[in-house]
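Structure data follow from entry-v4.pdb (PDB, C-alpha atoms and all ligand atoms):
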```
ATOM      1  CA  MET V   1      39.509-224.345 -58.946  1.00  0.00           C
ATOM      2  CA  ALA V   2      37.644-226.910 -61.008  1.00  0.00           C
ATOM      3  CA  GLU V   3      38.955-226.301 -64.482  1.00  0.00           C
ATOM      4  CA  ASP V   4      41.069-228.262 -66.903  1.00  0.00           C
ATOM      5  CA  LEU V   5      44.791-227.746 -66.614  1.00  0.00           C
ATOM      6  CA  LEU V   6      46.518-225.768 -69.316  1.00  0.00           C
ATOM      7  CA  ILE V   7      49.238-228.098 -70.617  1.00  0.00           C
ATOM      8  CA  ALA V   8      52.257-226.277 -72.035  1.00  0.00           C
ATOM      9  CA  SER V   9      54.654-227.373 -74.732  1.00  0.00           C
ATOM     10  CA  GLY V  10      58.169-225.993 -75.130  1.00  0.00           C
ATOM     11  CA  THR V  11      61.228-226.190 -72.947  1.00  0.00           C
ATOM     12  CA  LYS V  12      61.307-227.818 -69.527  1.00  0.00           C
ATOM     13  CA  SER V  13      61.446-224.365 -67.897  1.00  0.00           C
ATOM     14  CA  GLU V  14      58.437-223.221 -69.893  1.00  0.00           C
ATOM     15  CA  LYS V  15      56.496-226.287 -68.768  1.00  0.00           C
ATOM     16  CA  TYR V  16      57.364-225.706 -65.114  1.00  0.00           C
ATOM     17  CA  SER V  17      56.606-221.990 -65.408  1.00  0.00           C
ATOM     18  CA  SER V  18      53.179-222.876 -66.752  1.00  0.00           C
ATOM     19  CA  ILE V  19      52.243-225.696 -64.386  1.00  0.00           C
ATOM     20  CA  LEU V  20      53.564-224.400 -61.046  1.00  0.00           C
ATOM     21  CA  PRO V  21      51.170-221.422 -60.736  1.00  0.00           C
ATOM     22  CA  GLN V  22      48.326-223.779 -61.653  1.00  0.00           C
ATOM     23  CA  VAL V  23      49.424-226.211 -58.957  1.00  0.00           C
ATOM     24  CA  ASN V  24      49.596-223.385 -56.433  1.00  0.00           C
ATOM     25  CA  ALA V  25      46.077-222.310 -57.409  1.00  0.00           C
ATOM     26  CA  LEU V  26      44.893-225.897 -56.908  1.00  0.00           C
ATOM     27  CA  ILE V  27      46.307-226.240 -53.389  1.00  0.00           C
ATOM     28  CA  ASP V  28      45.735-222.664 -52.214  1.00  0.00           C
ATOM     29  CA  GLY V  29      42.877-222.508 -49.772  1.00  0.00           C
ATOM     30  CA  GLU V  30      42.681-226.287 -49.286  1.00  0.00           C
ATOM     31  CA  GLU V  31      44.076-227.478 -45.990  1.00  0.00           C
ATOM     32  CA  ASP V  32      43.802-231.235 -46.500  1.00  0.00           C
ATOM     33  CA  LEU V  33      47.295-232.575 -47.120  1.00  0.00           C
ATOM     34  CA  ILE V  34      46.317-235.770 -48.953  1.00  0.00           C
ATOM     35  CA  ALA V  35      43.958-233.888 -51.260  1.00  0.00           C
ATOM     36  CA  ASN V  36      46.720-231.434 -52.114  1.00  0.00           C
ATOM     37  CA  LEU V  37      49.386-234.096 -52.667  1.00  0.00           C
ATOM     38  CA  ALA V  38      46.952-236.011 -54.904  1.00  0.00           C
ATOM     39  CA  ASN V  39      46.311-232.968 -57.088  1.00  0.00           C
ATOM     40  CA  ILE V  40      50.007-232.114 -57.269  1.00  0.00           C
ATOM     41  CA  VAL V  41      50.992-235.527 -58.633  1.00  0.00           C
ATOM     42  CA  ALA V  42      48.050-235.558 -61.052  1.00  0.00           C
ATOM     43  CA  ALA V  43      49.028-232.139 -62.421  1.00  0.00           C
ATOM     44  CA  LEU V  44      52.700-233.075 -62.779  1.00  0.00           C
ATOM     45  CA  LYS V  45      51.873-236.378 -64.480  1.00  0.00           C
ATOM     46  CA  GLU V  46      49.569-234.641 -66.926  1.00  0.00           C
ATOM     47  CA  GLN V  47      52.100-231.925 -67.772  1.00  0.00           C
ATOM     48  CA  PHE V  48      55.226-234.045 -68.065  1.00  0.00           C
ATOM     49  CA  GLY V  49      53.986-237.578 -68.783  1.00  0.00           C
ATOM     50  CA  TRP V  50      56.595-239.089 -66.483  1.00  0.00           C
ATOM     51  CA  LEU V  51      56.416-242.809 -65.721  1.00  0.00           C
ATOM     52  CA  TRP V  52      55.747-242.327 -62.010  1.00  0.00           C
ATOM     53  CA  VAL V  53      55.365-239.354 -59.701  1.00  0.00           C
ATOM     54  CA  GLY V  54      54.404-239.595 -56.073  1.00  0.00           C
ATOM     55  CA  PHE V  55      55.029-238.825 -52.448  1.00  0.00           C
ATOM     56  CA  TYR V  56      56.363-240.984 -49.657  1.00  0.00           C
ATOM     57  CA  LEU V  57      55.479-239.722 -46.172  1.00  0.00           C
ATOM     58  CA  VAL V  58      57.602-240.237 -43.056  1.00  0.00           C
ATOM     59  CA  LYS V  59      55.524-242.284 -40.623  1.00  0.00           C
ATOM     60  CA  LYS V  60      56.966-244.039 -37.549  1.00  0.00           C
ATOM     61  CA  ASN V  61      60.494-243.749 -38.913  1.00  0.00           C
ATOM     62  CA  GLU V  62      59.691-245.258 -42.316  1.00  0.00           C
ATOM     63  CA  LEU V  63      58.716-243.805 -45.665  1.00  0.00           C
ATOM     64  CA  VAL V  64      55.171-244.893 -46.488  1.00  0.00           C
ATOM     65  CA  LEU V  65      53.646-244.586 -49.945  1.00  0.00           C
ATOM     66  CA  GLY V  66      51.335-241.594 -50.353  1.00  0.00           C
ATOM     67  CA  PRO V  67      49.436-240.138 -53.313  1.00  0.00           C
ATOM     68  CA  PHE V  68      51.005-241.072 -56.639  1.00  0.00           C
ATOM     69  CA  GLN V  69      50.331-241.500 -60.348  1.00  0.00           C
ATOM     70  CA  GLY V  70      51.814-244.385 -62.296  1.00  0.00           C
ATOM     71  CA  PRO V  71      52.356-248.116 -61.820  1.00  0.00           C
ATOM     72  CA  VAL V  72      51.854-249.669 -58.368  1.00  0.00           C
ATOM     73  CA  ALA V  73      54.869-249.103 -56.132  1.00  0.00           C
ATOM     74  CA  CYS V  74      56.537-250.452 -53.002  1.00  0.00           C
ATOM     75  CA  THR V  75      54.696-249.254 -49.921  1.00  0.00           C
ATOM     76  CA  ARG V  76      57.476-248.874 -47.345  1.00  0.00           C
ATOM     77  CA  ILE V  77      61.105-247.741 -47.571  1.00  0.00           C
ATOM     78  CA  ARG V  78      63.518-247.635 -44.652  1.00  0.00           C
ATOM     79  CA  LYS V  79      65.871-244.752 -43.912  1.00  0.00           C
ATOM     80  CA  GLY V  80      69.036-244.989 -45.981  1.00  0.00           C
ATOM     81  CA  LYS V  81      67.505-247.500 -48.420  1.00  0.00           C
ATOM     82  CA  GLY V  82      67.129-246.826 -52.126  1.00  0.00           C
ATOM     83  CA  VAL V  83      67.143-243.359 -53.627  1.00  0.00           C
ATOM     84  CA  CYS V  84      64.203-242.216 -51.483  1.00  0.00           C
ATOM     85  CA  GLY V  85      65.640-243.464 -48.194  1.00  0.00           C
ATOM     86  CA  THR V  86      69.022-241.927 -49.042  1.00  0.00           C
ATOM     87  CA  SER V  87      67.446-238.564 -49.891  1.00  0.00           C
ATOM     88  CA  TRP V  88      65.627-238.738 -46.544  1.00  0.00           C
ATOM     89  CA  GLN V  89      68.806-239.652 -44.637  1.00  0.00           C
ATOM     90  CA  ASN V  90      70.877-236.902 -46.295  1.00  0.00           C
ATOM     91  CA  ALA V  91      68.027-234.361 -46.400  1.00  0.00           C
ATOM     92  CA  SER V  92      69.092-233.478 -49.915  1.00  0.00           C
ATOM     93  CA  THR V  93      67.851-233.843 -53.470  1.00  0.00           C
ATOM     94  CA  ILE V  94      69.269-236.762 -55.460  1.00  0.00           C
ATOM     95  CA  ILE V  95      69.348-236.874 -59.258  1.00  0.00           C
ATOM     96  CA  VAL V  96      69.944-240.358 -60.675  1.00  0.00           C
ATOM     97  CA  PRO V  97      70.730-240.297 -64.430  1.00  0.00           C
ATOM     98  CA  ASP V  98      70.768-244.116 -64.624  1.00  0.00           C
ATOM     99  CA  VAL V  99      69.026-246.072 -61.880  1.00  0.00           C
ATOM    100  CA  GLU V 100      71.091-249.189 -62.600  1.00  0.00           C
ATOM    101  CA  ALA V 101      74.209-247.257 -61.625  1.00  0.00           C
ATOM    102  CA  PHE V 102      72.789-246.224 -58.212  1.00  0.00           C
ATOM    103  CA  PRO V 103      73.865-248.749 -55.562  1.00  0.00           C
ATOM    104  CA  GLY V 104      70.822-250.009 -53.656  1.00  0.00           C
ATOM    105  CA  HIS V 105      68.256-248.497 -56.005  1.00  0.00           C
ATOM    106  CA  ILE V 106      64.822-250.010 -55.317  1.00  0.00           C
ATOM    107  CA  ALA V 107      63.224-251.043 -58.607  1.00  0.00           C
ATOM    108  CA  CYS V 108      59.472-250.634 -58.206  1.00  0.00           C
ATOM    109  CA  SER V 109      59.061-250.747 -61.985  1.00  0.00           C
ATOM    110  CA  SER V 110      61.482-252.264 -64.462  1.00  0.00           C
ATOM    111  CA  ALA V 111      60.508-249.467 -66.865  1.00  0.00           C
ATOM    112  CA  SER V 112      62.134-246.811 -64.676  1.00  0.00           C
ATOM    113  CA  LYS V 113      65.454-245.598 -66.087  1.00  0.00           C
ATOM    114  CA  SER V 114      66.182-242.333 -64.263  1.00  0.00           C
ATOM    115  CA  GLU V 115      64.889-240.651 -61.151  1.00  0.00           C
ATOM    116  CA  ILE V 116      64.874-237.521 -58.989  1.00  0.00           C
ATOM    117  CA  VAL V 117      63.957-237.425 -55.304  1.00  0.00           C
ATOM    118  CA  ILE V 118      63.303-234.176 -53.431  1.00  0.00           C
ATOM    119  CA  PRO V 119      63.087-234.164 -49.637  1.00  0.00           C
ATOM    120  CA  ILE V 120      60.430-232.018 -47.993  1.00  0.00           C
ATOM    121  CA  ILE V 121      61.891-230.429 -44.882  1.00  0.00           C
ATOM    122  CA  ARG V 122      59.886-228.732 -42.142  1.00  0.00           C
ATOM    123  CA  ASP V 123      61.342-227.516 -38.845  1.00  0.00           C
ATOM    124  CA  GLY V 124      64.655-229.083 -39.830  1.00  0.00           C
ATOM    125  CA  LYS V 125      63.176-232.555 -40.347  1.00  0.00           C
ATOM    126  CA  VAL V 126      62.322-234.481 -43.492  1.00  0.00           C
ATOM    127  CA  THR V 127      58.567-235.083 -43.383  1.00  0.00           C
ATOM    128  CA  ALA V 128      58.154-236.576 -46.878  1.00  0.00           C
ATOM    129  CA  VAL V 129      59.877-236.982 -50.224  1.00  0.00           C
ATOM    130  CA  LEU V 130      58.688-236.321 -53.754  1.00  0.00           C
ATOM    131  CA  ASP V 131      59.862-239.100 -56.086  1.00  0.00           C
ATOM    132  CA  VAL V 132      59.755-238.875 -59.879  1.00  0.00           C
ATOM    133  CA  ASP V 133      60.699-241.709 -62.251  1.00  0.00           C
ATOM    134  CA  SER V 134      61.219-241.530 -65.990  1.00  0.00           C
ATOM    135  CA  ALA V 135      61.224-244.249 -68.622  1.00  0.00           C
ATOM    136  CA  SER V 136      64.181-242.414 -70.265  1.00  0.00           C
ATOM    137  CA  LEU V 137      67.783-242.221 -69.118  1.00  0.00           C
ATOM    138  CA  ASN V 138      69.118-238.796 -68.048  1.00  0.00           C
ATOM    139  CA  GLU V 139      65.691-237.203 -67.760  1.00  0.00           C
ATOM    140  CA  PHE V 140      66.346-234.969 -64.748  1.00  0.00           C
ATOM    141  CA  ASP V 141      68.758-232.093 -64.161  1.00  0.00           C
ATOM    142  CA  GLU V 142      69.209-228.928 -62.107  1.00  0.00           C
ATOM    143  CA  THR V 143      66.186-227.334 -63.803  1.00  0.00           C
ATOM    144  CA  ASP V 144      63.921-230.059 -62.404  1.00  0.00           C
ATOM    145  CA  GLN V 145      65.622-229.752 -59.034  1.00  0.00           C
ATOM    146  CA  HIS V 146      65.107-225.982 -58.988  1.00  0.00           C
ATOM    147  CA  TYR V 147      61.412-226.050 -59.842  1.00  0.00           C
ATOM    148  CA  LEU V 148      60.491-229.153 -57.854  1.00  0.00           C
ATOM    149  CA  GLU V 149      62.222-227.798 -54.733  1.00  0.00           C
ATOM    150  CA  GLN V 150      60.253-224.567 -55.256  1.00  0.00           C
ATOM    151  CA  LEU V 151      57.059-226.599 -55.602  1.00  0.00           C
ATOM    152  CA  VAL V 152      57.497-228.654 -52.437  1.00  0.00           C
ATOM    153  CA  ALA V 153      58.352-225.507 -50.463  1.00  0.00           C
ATOM    154  CA  SER V 154      54.808-224.271 -51.064  1.00  0.00           C
ATOM    155  CA  ILE V 155      53.084-227.385 -49.657  1.00  0.00           C
ATOM    156  CA  LYS V 156      51.518-226.788 -46.247  1.00  0.00           C
ATOM    157  CA  PHE V 157      52.244-229.650 -43.848  1.00  0.00           C
ATOM    158  CA  GLU V 158      50.386-229.533 -40.536  1.00  0.00           C
TER     159      GLU V 158
HETATM  160  N1  LIG S   1      63.213-246.160 -56.838  1.00  0.00           N
HETATM  161  C1  LIG S   1      62.874-245.726 -55.507  1.00  0.00           C
HETATM  162  C2  LIG S   1      61.718-246.501 -54.949  1.00  0.00           C
HETATM  163  C3  LIG S   1      60.396-245.890 -55.196  1.00  0.00           C
HETATM  164  S1  LIG S   1      59.822-246.173 -56.751  1.00  0.00           S
HETATM  165  O1  LIG S   1      60.749-245.634 -57.752  1.00  0.00           O
HETATM  166  C4  LIG S   1      58.310-245.517 -56.964  1.00  0.00           C
HETATM  167  C5  LIG S   1      64.072-245.827 -54.600  1.00  0.00           C
HETATM  168  O2  LIG S   1      65.109-246.400 -54.989  1.00  0.00           O
HETATM  169  O3  LIG S   1      63.988-245.358 -53.480  1.00  0.00           O
END
```

Take the structure in the file and give it back as structure tokens.
Ligand code: SME
Amino acid sequence: MAEDLLIASGTKSEKYSSILPQVNALIDGEEDLIANLANIVAALKEQFGWLWVGFYLVKKNELVLGPFQGPVACTRIRKGKGVCGTSWQNASTIIVPDVEAFPGHIACSSASKSEIVIPIIRDGKVTAVLDVDSASLNEFDETDQHYLEQLVASIKFE
């Protein structure tokens, strides 16, 4: 697929319902993980305009920065540290309405106000996390969790 994305307006659900099939079409048939992660974050950034969206990959028992869109970010996060490291440790999605109220939050950008982190679990182990930051408070809710968990489930990890 080498076409422009169709960018939807409307409710959050309408935006996800429009962009997710396009993302699946982008990654279908491509086996390279980095290429797929790069296109996923580009598509999400274009649809939603979030401050930062990217992946951290588990490598040698640390989270290491992967493909992302947005301001430069910290490259390594240890298990249990920050929102990402906590999501990894608990193997569960974390929604942070106000990053300043999350103990141990790692501020990669002072413009980030709220955040959602989705763990990617394969064979019972977290292999990566998807991290999304917004410049607005209270950006993320169960709708984001639902669709983003659905999205990461369709990524093929070798
Ligand atoms: N805020 C994250 C760190 C990653 S940046 O937001 C891109 C955290 O607390 O884990």

Q) Counting only C-alpha atoms and all ligand atoms, what residues are within 10 Å of ligand LIG 1 (chain S), given as JSON, numbers by chain? A) {"V": [51, 52, 53, 54, 55, 56, 63, 65, 68, 69, 70, 71, 72, 73, 74, 75, 76, 77, 78, 79, 80, 81, 82, 83, 84, 85, 86, 87, 88, 96, 99, 102, 103, 104, 105, 106, 107, 108, 109, 110, 111, 112, 113, 114, 115, 116, 117, 129, 130, 131, 132, 133, 134]}

**Q.** Contacts of stretch 18-23 of chain V at 7 Å (only C-alpha atoms; same-chain gap of 4+ positions) as an NGL selection string
**A.** :V and (8 or 14 or 27 or 40 or 43 or 151)

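If all atoms listed in the file are the atoms counted, then among V:Asp98, V:Asp28, V:Glu149, V:Glu139 the closest residue to V:Phe48 is V:Glu139.
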
Can you report as JSON the centre and edge lengths in Å, to one decimal, of an axis-aligned box around the listed atoms of stretch 113-128 of chain V padded with 8 Å on each side?
```
{"center_x": 62.2, "center_y": -236.6, "center_z": -52.5, "size_x": 24.0, "size_y": 34.1, "size_z": 43.2}
```

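Residue nearest V:Glu142 within the list V:Glu30, V:Ile95, V:Ile7, V:Ile121: V:Ile95 [criterion: smallest interatomic distance, all atoms listed in the file].
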
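If you look at atom CA of V:Glu100 and atom CA of V:Ala135, they are 12.6 Å away from each other.
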